[in-house]
Amino acid sequence: MKKAKILQTFFAFSALACLSGGAQAQTGDTIKFGLCYDLSKAYSFAVPQMAQAAQDYATLLNQDGGIEGKKIEVIVQDTGNEPQRGIECYEKLKRDGVMVFDYMSTPVSRAVLPRQMEDGNIMLQSFVGRGDAVNGEVFQWVFPVGPTYWGQVANDVQYIKTLQDGNLKGVKIAFIYPDYAFGQEPIPVLKTLAEKEGFDLQLFPNPLPGRDQASVWTQIRRFNPDYVISWNLSAMHVVAAREMKRNGIPMDKLITVNWLNEVDINNIGAAEAKGLRRGTNVVGGRDHPMMQRIIKEVYDAGKGNGDVKTLDDIYYNNGLATYSVVFEGVKQAIRNEGWPLTPAKIKAGLESLRDFDANGFMAPVTVTAQDHGGGGKTRVDMWDGTQWVPQSDWFAAYTDVVNELVQEQSAEFARTGQ
């Protein structure tokens with residue numbers, strides 16, 4: 001069945017959502033953003049920093065007059081990573097006039113998705129949720145701006161390919177991952193690329209909660225890989241580093257997912273972590289002018305929304321990058337279509353972004369009605385013992401492979417709702 005026919009019924013439904021989305025409007029002087037975040041359980045190692053960044057950036061912009069003269073209000077509520085609490089947060093904030101929602105939780109975002117699609121409100125979904133949601137033709141109200149895990153791992157493989165002078169045949173790549181949905185997400189892309197490029201891929205599931213990785217790293221040592229791609233999280237990185245040392249596996253063989261921060265580096269040990277590489281879509285540290293403005297105009301003025309030390313954490317930068325995109329999209333919505341603001345106008349504003357990089361703070365994103373992910377660019381940084389050093393430019397690789405998976409799974413969602 002042709003794609004157009006598969007999606008016909010779904011698009012008709014989405015058109016009704018567009019009308020309902022346009023019916024809601026913010027007519028006052030405040031633009032509200034709802035962050036229904038897990039601040040206390042599974043993602044508490046990263047999400048509070050991202051919430052702090054969103055609030056700090058709102059504070060900074062409000063001092064400059066807000067967004068096109070309208071004040072920004074960032075409302076943060078804890079869901080504890082529980083889908084029902086996420087649904088309750090969405091319904092409450094929707095009644096309060098919020099039209100843009102962010103969850104930073106795959107279980108919560110998946111639970112709320114049907115309601116939000118039906119209501120025609122904007123869902124942010126950077127780094128979490130469905131990888132196929134970059135298909136804006138199907139997921140019209142969902143914006144996973146930034147690299148999906150499919151795109152990230154494809155870029156990691158391309159980076160390894162450059163280290164191998166463009167030839168991956170016979171190269172041994174180990175993939176270690178926590179054995180649940182997050183860790184399993186990159187596997188289809190890795191398997192496809194292994195077949196396409198001829199590298200030897202071995203999968204090493206890491207049983208939750210990931211505190212005992214001894215047997216996994218023993219197996220990896222026996223495999224003797226040329227490179228290890230790691231999809232670990234938080235303290236799992238520290239355990240992995242200890243086991244790598246015990247097994248005599250050099251740190252410079254390791255490339256991690258974006259979820260590795262300065263706390264993890266400190267816990268591993270700055271010297272011990274030397275050579276470790278990480279995929280990322282944002283610039284780390286405090287040197288960027290936007291970070292400097294937040295330090296001087298927000299924290300030095302006593303207006304910060306948390307501990308200033310958090311600004312040394314890459315997760316803070318991730319939050320700042322995400323809301324740089326969101327606030328810019330809303331600004332374009334008002335400039336292009338005027339006030340009052342509606343979800344349909346915000347959607348169009350986000351879809352008008354072209355090569356937006358927050359003045360060099362992040363990988364450039366171009367969002368269209370077809371691609372809500374922005375292009376999926378990342379780069380690889382290496383820890384040199386004292387700081388992160390870029391090892392590549394921003395790039396997106398194997399986009400045909402990633403897009404094929406996006407089209408396949410989004411068509412299935414349009415057909416079945418699953």
# chains A, B, ... in the order shown; residues from 1 in each chain; ligands from 1
call {"tool": "select_by_dssp", "arguments": {"residues": "stretch 170-363 of chain A", "states": "strand (DSSP E)", "output": "ChimeraX atom specification"}}
result
/A:172-178,200-206,227-230,254-256,277-280
call {"tool": "closest_atom_pairs", "arguments": {"of": "stretch 359-401 of chain A", "to": "stretch 254-274 of chain A", "cutoff": "9 Å", "atoms": "only C-alpha atoms", "output": "Markdown table"}}
result
| residue | atom | partner | partner_atom | distance |
| --- | --- | --- | --- | --- |
| A:Val380 | CA | A:Ile255 | CA | 8.3 |
| A:Met382 | CA | A:Lys274 | CA | 7.9 |
| A:Trp383 | CA | A:Lys274 | CA | 5.4 |
| A:Asp384 | CA | A:Lys274 | CA | 5.1 |
| A:Gly385 | CA | A:Lys274 | CA | 4.6 |
| A:Thr386 | CA | A:Ala270 | CA | 6.5 |
| A:Gln387 | CA | A:Ala270 | CA | 8.8 |
call {"tool": "closest_residue", "arguments": {"among": "A:Ile294, A:Leu190, A:Leu60, A:Ala235", "to": "A:Tyr43", "atoms": "only C-alpha atoms"}}
result
A:Ala235
call {"tool": "closest_residue", "arguments": {"among": "A:Val238, A:Ile187, A:Val401, A:Ala25", "to": "A:Arg95", "atoms": "only C-alpha atoms"}}
result
A:Ala25
call {"tool": "closest_residue", "arguments": {"among": "A:Lys253, A:Arg277, A:Arg221, A:Lys32", "to": "A:Val98", "atoms": "only C-alpha atoms"}}
result
A:Lys32
call {"tool": "residues_around", "arguments": {"residues": "A:Gly151", "least_positions_apart": "6", "cutoff": "8 Å", "atoms": "only C-alpha atoms", "output": "list in words"}}
result
Gly376, Lys377, Ala396, Ala397, Thr399 and Val402 of chain A
call {"tool": "residues_around", "arguments": {"residues": "A:Asn81", "least_positions_apart": "6", "cutoff": "12 Å", "atoms": "only C-alpha atoms", "output": "MDAnalysis selection string"}}
result
chainID A and resid 36:44 47 87 89 103:111
call {"tool": "residues_around", "arguments": {"residues": "A:Ala133", "least_positions_apart": "6", "cutoff": "10 Å", "atoms": "only C-alpha atoms", "output": "PyMOL selection string"}}
result
chain A and resi 125+139-145+148+371-373+406-407+409-410+413
